[in-house]
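Here the structure is laid out as structure tokens; the discussion comes afterwards.
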Amino acid sequence: MKTLVLGLLPVTGKDFINRTTEIDDILRALKDPGIRVGYAISAPVGTGKTSLLQELARRLALEQRIVPIYFSLQSLSDVTLEHFVKRFTIAVLQASESRLKLRHDAKDLMESPLTILDKLLRDAKISDELRQAIILLVTFEREKTIDKHGLVEAAVDLPEMIAKETDSRCVLLLDEFTLLADLKSTNERFEFDIFSLIRSMHEKHRHCVLVITSSNQKALDTITLSPDAPFHHQFVLKHLKNLSREAATQLYEKNLDKRIDAAALKAIFDFTQGSPFYLQFLGRMLKSAATPNITEDIAKNAIEEFLQQEGEMIFREKVKQLSAKERLILSCMAQHDVKTPSEIGKIMNYSQTNVRRFLAILEEKGVLVNTSRGVFVFEDTIFKRWLAAKGVDA
Ligand SMILES: Nc1ncnc2c1ncn2[C@@H]1O[C@H](COP(=O)(O)OP(=O)(O)OP(=O)(O)O)[C@@H](O)[C@H]1O
Ligand SMILES: [Mg+2]
């Protein structure tokens with residue numbers, strides 16, 4: 001099968017460029033049974049968090065006694081706690097199939113009548129305790145009332161129980177972990193803080209280590225930084241950077257199938273700042289250019305076309321998530337290149353307090369980053385450029 005190069009999907013294996021130091025450092029720690037501190041990795045959208053986690057999972061799976069479990073919370077935003085537990089259980093069981101000697105897919109287990117389920121699990125020769133836990137997790141939807149707290153406890157405990165019983169180490173790779181805050185409950189909101197619950201379960205675990213990511217720096221800080229945060233001192237905090245100039249060049253040399261000028265490369269690097277997503281996106285556009293030689297002019301045209309047309313597709317969704325006031329403030333910041341409440345307030349004729357309130361919301365949404373006291377910058381400078389060109393109609 002031909003692999004998708006210069007695509008927009010996460011990459012692993014030979015398509016995964018660079019990041020050797022990050023990968024090697026993290027892998028060394030994850031493989032060391034004496035180390036229980038995990039990693040919390042933050043980076044803006046499109047920097048390569050998912051690719052990094054999936055590459056880690058791929059490399060860890062080559063190890064004898066390590067079971068990597070990749071699970072993304074991305075597709076779960078706005079869904080119920082119950083749905084999360086169900087999907088998580090399936091992911092854990094699927095990743096552990098061979099170690100548990102389960103001969104049936106986790107999804108089939110979910111559909112099996114209780115008697116058959118019990119028999120299938122007895123065939124797998126696991127402890128009574130683990131069998132009971134799995135039965136609870138795959139059948140809870142059949143019950144009328146559910147103890148949500150107990151359910152999450154059972155789910156979080158599952159990988160630890162499996163690892164312990166199969167004498168292995170489990171590395172749980174939870175992509176966009178902070179989105180757990182958005183989980184809803186089917187009937188009413190659940191009463192407990194899910195992060196505190198996971199923390200208190202996880203600290204008892206001896207066979208599981210966590211690697212989490214988040215695109216939202218503020219949300220990640222909330223659960224890791226302050227002394228009373230649930231995951232205070234629980235992770236090595238890493239900020240994933242964009243690709244270096246050399247790595248970006250390597251990406252194009254490997255995948256573009258065209259000759260590209262140093263000046264063209266420079267224009268593209270200056271524009272993308274090494275963001276893997278934007279590099280891949282522009283690379284795809286250049287790949288379909290009619291000429292075998294990419295010059296500076298062609299690269300600059302591609303950038304213009306990207307801002308005029310493709311940006312529409314990429315940023316439209318982002319803009320939809322914003323209120324009219326938030327859009328106005330962002331457009332003002334982009335067009336006038338201003339960063340503080342007082343500058344913005346003056347141009348828009350709003351009170352600073354009012355502006356500050358909106359900046360805080362935009363920071364929470366991950367659109368802006370508060371770099372120093374009262375200074376706010378765009379998390380994504382290309383979004384800023386696009387907005388500046390579009391103006392308030394965006
Ligand atoms: N190491 C890498 N080498 C080459 N391309 C990469 C690398 N990392 C990421 N990419 C590319 O960048 C884009 C974004 O990658 P990925 O989905 O892993 O990022 P992300 O940070 O998880 O993004 P999001 O926040 O949207 O989930 C994809 O097109 C992917 O192919
Ligand atoms: Mg991702």
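Ordering of the structure tokens sets the chain letters (A, B, ...); residue numbers start at 1 within each chain; ligands are numbered from 1 in the order shown.
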Between chain A and ligand 2, at 10 Å or less, what are the per-residue closest atom pairs and their distances in Å? Count only C-alpha atoms and all ligand atoms, order by chain and rising residue number, and return it as a Markdown table.
```
| residue | atom | partner | partner_atom_place_in_ligand_line | distance |
| --- | --- | --- | --- | --- |
| A:Leu9 | CA | ligand 2 | 1 (Mg) | 9.1 |
| A:Pro10 | CA | ligand 2 | 1 (Mg) | 7.5 |
| A:Ala43 | CA | ligand 2 | 1 (Mg) | 9.6 |
| A:Pro44 | CA | ligand 2 | 1 (Mg) | 9.4 |
| A:Val45 | CA | ligand 2 | 1 (Mg) | 7.0 |
| A:Gly46 | CA | ligand 2 | 1 (Mg) | 6.8 |
| A:Thr47 | CA | ligand 2 | 1 (Mg) | 8.2 |
| A:Gly48 | CA | ligand 2 | 1 (Mg) | 6.6 |
| A:Lys49 | CA | ligand 2 | 1 (Mg) | 5.4 |
| A:Thr50 | CA | ligand 2 | 1 (Mg) | 4.0 |
| A:Ser51 | CA | ligand 2 | 1 (Mg) | 7.2 |
| A:Leu52 | CA | ligand 2 | 1 (Mg) | 9.1 |
| A:Leu53 | CA | ligand 2 | 1 (Mg) | 8.9 |
| A:Gln54 | CA | ligand 2 | 1 (Mg) | 9.8 |
| A:Ser72 | CA | ligand 2 | 1 (Mg) | 8.1 |
| A:Leu73 | CA | ligand 2 | 1 (Mg) | 9.6 |
| A:Gln74 | CA | ligand 2 | 1 (Mg) | 7.5 |
| A:Asp175 | CA | ligand 2 | 1 (Mg) | 6.8 |
| A:Glu176 | CA | ligand 2 | 1 (Mg) | 7.1 |
| A:Thr213 | CA | ligand 2 | 1 (Mg) | 8.5 |
| A:Ser214 | CA | ligand 2 | 1 (Mg) | 8.4 |
| A:Ser215 | CA | ligand 2 | 1 (Mg) | 7.9 |
```
Prev. selection, N, CA and C atoms, output as a PDB file, in the first residue's frame:
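Output below, filename part33.pdb:
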```pdb
ATOM      1  N   LEU A   9      -2.934  13.752   7.419  1.00  0.00           N
ATOM      2  CA  LEU A   9      -3.159  12.806   8.509  1.00  0.00           C
ATOM      3  C   LEU A   9      -1.900  12.673   9.357  1.00  0.00           C
ATOM      4  N   PRO A  10      -2.057  12.211  10.593  1.00  0.00           N
ATOM      5  CA  PRO A  10      -0.870  11.965  11.424  1.00  0.00           C
ATOM      6  C   PRO A  10       0.076  10.989  10.721  1.00  0.00           C
ATOM      7  N   ALA A  43       1.165  21.659  22.609  1.00  0.00           N
ATOM      8  CA  ALA A  43       1.567  22.312  21.354  1.00  0.00           C
ATOM      9  C   ALA A  43       0.314  22.752  20.628  1.00  0.00           C
ATOM     10  N   PRO A  44       0.424  23.852  19.879  1.00  0.00           N
ATOM     11  CA  PRO A  44      -0.738  24.306  19.113  1.00  0.00           C
ATOM     12  C   PRO A  44      -1.224  23.250  18.132  1.00  0.00           C
ATOM     13  N   VAL A  45      -2.447  23.433  17.674  1.00  0.00           N
ATOM     14  CA  VAL A  45      -3.046  22.569  16.663  1.00  0.00           C
ATOM     15  C   VAL A  45      -2.082  22.402  15.482  1.00  0.00           C
ATOM     16  N   GLY A  46      -1.916  21.184  15.031  1.00  0.00           N
ATOM     17  CA  GLY A  46      -1.118  20.940  13.830  1.00  0.00           C
ATOM     18  C   GLY A  46       0.383  20.853  14.016  1.00  0.00           C
ATOM     19  N   THR A  47       0.847  20.793  15.266  1.00  0.00           N
ATOM     20  CA  THR A  47       2.291  20.734  15.507  1.00  0.00           C
ATOM     21  C   THR A  47       2.818  19.294  15.423  1.00  0.00           C
ATOM     22  N   GLY A  48       1.909  18.345  15.577  1.00  0.00           N
ATOM     23  CA  GLY A  48       2.343  16.952  15.471  1.00  0.00           C
ATOM     24  C   GLY A  48       2.226  16.149  16.757  1.00  0.00           C
ATOM     25  N   LYS A  49       1.293  16.525  17.627  1.00  0.00           N
ATOM     26  CA  LYS A  49       1.120  15.779  18.885  1.00  0.00           C
ATOM     27  C   LYS A  49       0.614  14.362  18.618  1.00  0.00           C
ATOM     28  N   THR A  50      -0.402  14.275  17.760  1.00  0.00           N
ATOM     29  CA  THR A  50      -0.957  12.957  17.469  1.00  0.00           C
ATOM     30  C   THR A  50       0.096  12.078  16.796  1.00  0.00           C
ATOM     31  N   SER A  51       0.818  12.656  15.844  1.00  0.00           N
ATOM     32  CA  SER A  51       1.873  11.888  15.176  1.00  0.00           C
ATOM     33  C   SER A  51       2.905  11.404  16.193  1.00  0.00           C
ATOM     34  N   LEU A  52       3.285  12.289  17.109  1.00  0.00           N
ATOM     35  CA  LEU A  52       4.272  11.926  18.126  1.00  0.00           C
ATOM     36  C   LEU A  52       3.760  10.766  18.986  1.00  0.00           C
ATOM     37  N   LEU A  53       2.528  10.859  19.459  1.00  0.00           N
ATOM     38  CA  LEU A  53       1.975   9.783  20.295  1.00  0.00           C
ATOM     39  C   LEU A  53       1.877   8.474  19.520  1.00  0.00           C
ATOM     40  N   GLN A  54       1.448   8.584  18.260  1.00  0.00           N
ATOM     41  CA  GLN A  54       1.297   7.346  17.489  1.00  0.00           C
ATOM     42  C   GLN A  54       2.656   6.740  17.146  1.00  0.00           C
ATOM     43  N   SER A  72      -7.676   8.726  21.818  1.00  0.00           N
ATOM     44  CA  SER A  72      -7.858  10.157  21.588  1.00  0.00           C
ATOM     45  C   SER A  72      -9.182  10.638  22.156  1.00  0.00           C
ATOM     46  N   LEU A  73      -9.109  11.739  22.871  1.00  0.00           N
ATOM     47  CA  LEU A  73     -10.323  12.344  23.409  1.00  0.00           C
ATOM     48  C   LEU A  73     -10.944  13.301  22.400  1.00  0.00           C
ATOM     49  N   GLN A  74     -10.215  13.504  21.285  1.00  0.00           N
ATOM     50  CA  GLN A  74     -10.640  14.481  20.284  1.00  0.00           C
ATOM     51  C   GLN A  74     -12.062  14.237  19.790  1.00  0.00           C
ATOM     52  N   ASP A 175      -4.511  11.329  23.949  1.00  0.00           N
ATOM     53  CA  ASP A 175      -4.392  12.501  23.067  1.00  0.00           C
ATOM     54  C   ASP A 175      -5.515  13.493  23.379  1.00  0.00           C
ATOM     55  N   GLU A 176      -5.170  14.770  23.478  1.00  0.00           N
ATOM     56  CA  GLU A 176      -6.133  15.828  23.816  1.00  0.00           C
ATOM     57  C   GLU A 176      -6.869  15.523  25.131  1.00  0.00           C
ATOM     58  N   THR A 213      -1.539  14.705  25.938  1.00  0.00           N
ATOM     59  CA  THR A 213      -1.268  15.903  25.137  1.00  0.00           C
ATOM     60  C   THR A 213      -2.436  16.865  25.270  1.00  0.00           C
ATOM     61  N   SER A 214      -2.189  18.101  24.898  1.00  0.00           N
ATOM     62  CA  SER A 214      -3.276  19.069  24.784  1.00  0.00           C
ATOM     63  C   SER A 214      -2.894  20.173  23.806  1.00  0.00           C
ATOM     64  N   SER A 215      -3.867  20.614  23.021  1.00  0.00           N
ATOM     65  CA  SER A 215      -3.647  21.768  22.133  1.00  0.00           C
ATOM     66  C   SER A 215      -3.921  23.051  22.887  1.00  0.00           C
TER      67      SER A 215
END
```
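Shell of Glu343 in chain A at 12 Å, with only C-alpha atoms counted and residues fewer than 6 places along the chain excluded, is Ile329, Cys332, Met333, His336, Asp337, Asn349, Tyr350, Ser351, Gln352, Val355, Arg356, Gly374, Val375 and Phe376 of chain A.
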Q) In terms of the shortest atom-to-atom distance over only C-alpha atoms and all ligand atoms, which of A:Ile198, A:Ile361, A:Leu158, A:Leu251 is closest to ligand 1? A) A:Leu251
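For range 302-309 of chain A, the residues within 6 Å (counting only C-alpha atoms, excluding itself and residues fewer than 3 positions away along the chain) are Ala299, Glu312 and Trp386 of chain A.
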Q: Give me every alpha helix (DSSP H) residue in range 181-273 of chain A, going by DSSP on the backbone, as a ChimeraX atom specification.
A: /A:194-202,217-224,245-255,262-272
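You can rank A:Ala163, A:Ala124, A:Ile194, A:Ile298 by their closest distance to Ala181 in chain A using only C-alpha atoms, and at the top of that list sits A:Ile194.
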Q: Would you work out the distance separating CA of Ala247 in chain A from CA of Ile17 in chain A, expressed in Å to one decimal?
A: 6.7 Å
**Q.** Selection: 12 Å around Leu368 in chain A, only C-alpha atoms, excl. self and same-chain fewer than 2 positions, as number ranges by chain
**A.** A: 44, 215-218, 326, 329-330, 333-334, 339-340, 358-366, 370-371, 374-381, 383-384
Could you pull out the residues in range 100-283 of chain A that DSSP calls strand (DSSP E) from the backbone, as a PDB file with N, CA and C atoms, in the first residue's frame?
```
ATOM      1  N   ARG A 169       4.025  -3.662  31.335  1.00  0.00           N
ATOM      2  CA  ARG A 169       3.914  -2.258  31.686  1.00  0.00           C
ATOM      3  C   ARG A 169       2.985  -1.632  30.649  1.00  0.00           C
ATOM      4  N   CYS A 170       2.035  -0.849  31.140  1.00  0.00           N
ATOM      5  CA  CYS A 170       1.106  -0.230  30.216  1.00  0.00           C
ATOM      6  C   CYS A 170       1.462   1.239  30.044  1.00  0.00           C
ATOM      7  N   VAL A 171       1.600   1.665  28.804  1.00  0.00           N
ATOM      8  CA  VAL A 171       1.796   3.092  28.553  1.00  0.00           C
ATOM      9  C   VAL A 171       0.514   3.625  27.917  1.00  0.00           C
ATOM     10  N   LEU A 172      -0.184   4.456  28.674  1.00  0.00           N
ATOM     11  CA  LEU A 172      -1.447   5.020  28.189  1.00  0.00           C
ATOM     12  C   LEU A 172      -1.167   6.356  27.522  1.00  0.00           C
ATOM     13  N   LEU A 173      -1.435   6.432  26.234  1.00  0.00           N
ATOM     14  CA  LEU A 173      -1.164   7.663  25.495  1.00  0.00           C
ATOM     15  C   LEU A 173      -2.500   8.354  25.219  1.00  0.00           C
ATOM     16  N   LEU A 174      -2.798   9.383  25.989  1.00  0.00           N
ATOM     17  CA  LEU A 174      -4.119  10.014  25.906  1.00  0.00           C
ATOM     18  C   LEU A 174      -4.033  11.353  25.175  1.00  0.00           C
ATOM     19  N   ASP A 175      -4.511  11.329  23.949  1.00  0.00           N
ATOM     20  CA  ASP A 175      -4.392  12.501  23.067  1.00  0.00           C
ATOM     21  C   ASP A 175      -5.515  13.493  23.379  1.00  0.00           C
ATOM     22  N   CYS A 208       1.284   1.297  35.254  1.00  0.00           N
ATOM     23  CA  CYS A 208       0.796   2.178  34.194  1.00  0.00           C
ATOM     24  C   CYS A 208       1.518   3.507  34.221  1.00  0.00           C
ATOM     25  N   VAL A 209       1.873   4.000  33.075  1.00  0.00           N
ATOM     26  CA  VAL A 209       2.420   5.344  33.001  1.00  0.00           C
ATOM     27  C   VAL A 209       1.623   6.113  31.949  1.00  0.00           C
ATOM     28  N   LEU A 210       1.436   7.412  32.213  1.00  0.00           N
ATOM     29  CA  LEU A 210       0.581   8.223  31.340  1.00  0.00           C
ATOM     30  C   LEU A 210       1.393   9.171  30.470  1.00  0.00           C
ATOM     31  N   VAL A 211       0.975   9.297  29.227  1.00  0.00           N
ATOM     32  CA  VAL A 211       1.488  10.375  28.378  1.00  0.00           C
ATOM     33  C   VAL A 211       0.246  11.092  27.854  1.00  0.00           C
ATOM     34  N   ILE A 212       0.152  12.373  28.141  1.00  0.00           N
ATOM     35  CA  ILE A 212      -1.035  13.093  27.693  1.00  0.00           C
ATOM     36  C   ILE A 212      -0.624  14.262  26.785  1.00  0.00           C
ATOM     37  N   THR A 213      -1.539  14.705  25.938  1.00  0.00           N
ATOM     38  CA  THR A 213      -1.268  15.903  25.137  1.00  0.00           C
ATOM     39  C   THR A 213      -2.436  16.865  25.270  1.00  0.00           C
ATOM     40  N   SER A 214      -2.189  18.101  24.898  1.00  0.00           N
ATOM     41  CA  SER A 214      -3.276  19.069  24.784  1.00  0.00           C
ATOM     42  C   SER A 214      -2.894  20.173  23.806  1.00  0.00           C
ATOM     43  N   PHE A 235       3.730  15.032  36.038  1.00  0.00           N
ATOM     44  CA  PHE A 235       4.246  14.853  34.680  1.00  0.00           C
ATOM     45  C   PHE A 235       5.519  15.647  34.452  1.00  0.00           C
ATOM     46  N   VAL A 236       6.324  15.166  33.530  1.00  0.00           N
ATOM     47  CA  VAL A 236       7.366  16.014  32.967  1.00  0.00           C
ATOM     48  C   VAL A 236       6.637  16.824  31.891  1.00  0.00           C
ATOM     49  N   LEU A 237       6.708  18.151  31.995  1.00  0.00           N
ATOM     50  CA  LEU A 237       5.980  18.983  31.036  1.00  0.00           C
ATOM     51  C   LEU A 237       6.859  19.266  29.826  1.00  0.00           C
ATOM     52  N   LYS A 238       6.324  19.023  28.638  1.00  0.00           N
ATOM     53  CA  LYS A 238       7.100  19.270  27.410  1.00  0.00           C
ATOM     54  C   LYS A 238       6.275  20.126  26.473  1.00  0.00           C
ATOM     55  N   HIS A 239       6.950  21.065  25.837  1.00  0.00           N
ATOM     56  CA  HIS A 239       6.266  21.827  24.810  1.00  0.00           C
ATOM     57  C   HIS A 239       6.846  21.403  23.465  1.00  0.00           C
ATOM     58  N   ARG A 259      12.198  19.776  -7.699  1.00  0.00           N
ATOM     59  CA  ARG A 259      13.334  20.558  -7.242  1.00  0.00           C
ATOM     60  C   ARG A 259      12.807  21.826  -6.609  1.00  0.00           C
ATOM     61  N   ILE A 260      13.372  22.213  -5.490  1.00  0.00           N
ATOM     62  CA  ILE A 260      12.879  23.441  -4.860  1.00  0.00           C
ATOM     63  C   ILE A 260      14.052  24.358  -4.496  1.00  0.00           C
TER      64      ILE A 260
END
```
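The coordinates place CA of Val156 in chain A at 23.2 Å from CA of Gln64 in chain A.
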Q. Could you name the residues that touch Ala91 in chain A at 7 Å or less, counting only C-alpha atoms, but leaving out those on the same chain fewer than 4 positions away, as a ChimeraX atom specification?
A. /A:71,87,95
Q: Do a neighbour search on Arg199 in chain A at 12 Å with only C-alpha atoms, toss out local chain neighbours closer than 6 positions, and write the hits as an MDAnalysis selection string.
A: chainID A and resid 152:153 156:157 193 205 209:210 223:224 229:235
Q: Do a neighbour search on Arg65 in chain A at 12 Å with only C-alpha atoms, toss out local chain neighbours closer than 3 positions, and write the hits as a list of chain:residue names.
A: A:Leu30, A:Lys31, A:Asp32, A:Pro33, A:Leu60, A:Ala61, A:Leu62, A:Pro68, A:Ser96, A:Ser98, A:Arg99, A:Ala163, A:Lys164, A:Thr166, A:Asp167, A:Ser168, A:Arg169, A:Cys170, A:Val171, A:His207
Export C-alpha atoms of the chosen residues as a compact mmCIF listing (two decimals), in the first residue's frame?
```txt
# COMPACT_ATOMS: atom_id res chain seq x y z
CA LEU A 30 8.77 5.12 29.25
CA LYS A 31 10.65 1.85 28.87
CA ASP A 32 12.28 2.16 32.29
CA PRO A 33 10.17 0.18 34.78
CA LEU A 60 6.72 0.85 22.21
CA ALA A 61 4.73 -1.96 20.65
CA LEU A 62 8.02 -3.44 19.46
CA PRO A 68 0.96 0.92 24.53
CA SER A 96 -4.48 -6.01 25.29
CA SER A 98 -3.00 -10.81 22.64
CA ARG A 99 -1.63 -10.50 26.16
CA ALA A 163 -0.77 -4.94 33.08
CA LYS A 164 -0.36 -6.36 36.56
CA THR A 166 0.00 -10.08 32.42
CA ASP A 167 3.27 -8.94 33.95
CA SER A 168 3.68 -6.01 31.62
CA ARG A 169 3.91 -2.26 31.69
CA CYS A 170 1.11 -0.23 30.22
CA VAL A 171 1.80 3.09 28.55
CA HIS A 207 2.24 -0.76 36.10
```
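As for CA of Leu137 in chain A and CA of Phe177 in chain A, they are spaced 20.7 Å apart.
Nearest to ligand 1 of all the residues A:Arg19, A:Lys318, A:Arg58, A:Lys254 is A:Arg19, based on only C-alpha atoms and all ligand atoms.
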Q: Could you check which of A:Leu243, A:Ile90, A:Leu121, A:Ile26 is closest to Ala106 in chain A, using only C-alpha atoms?
A: A:Ile90
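Each of A:Ser112, A:Gln250, A:Ser288, A:Ser342 was checked against ligand 1 using only C-alpha atoms and all ligand atoms; the smallest atom-to-atom distance is that of A:Gln250.
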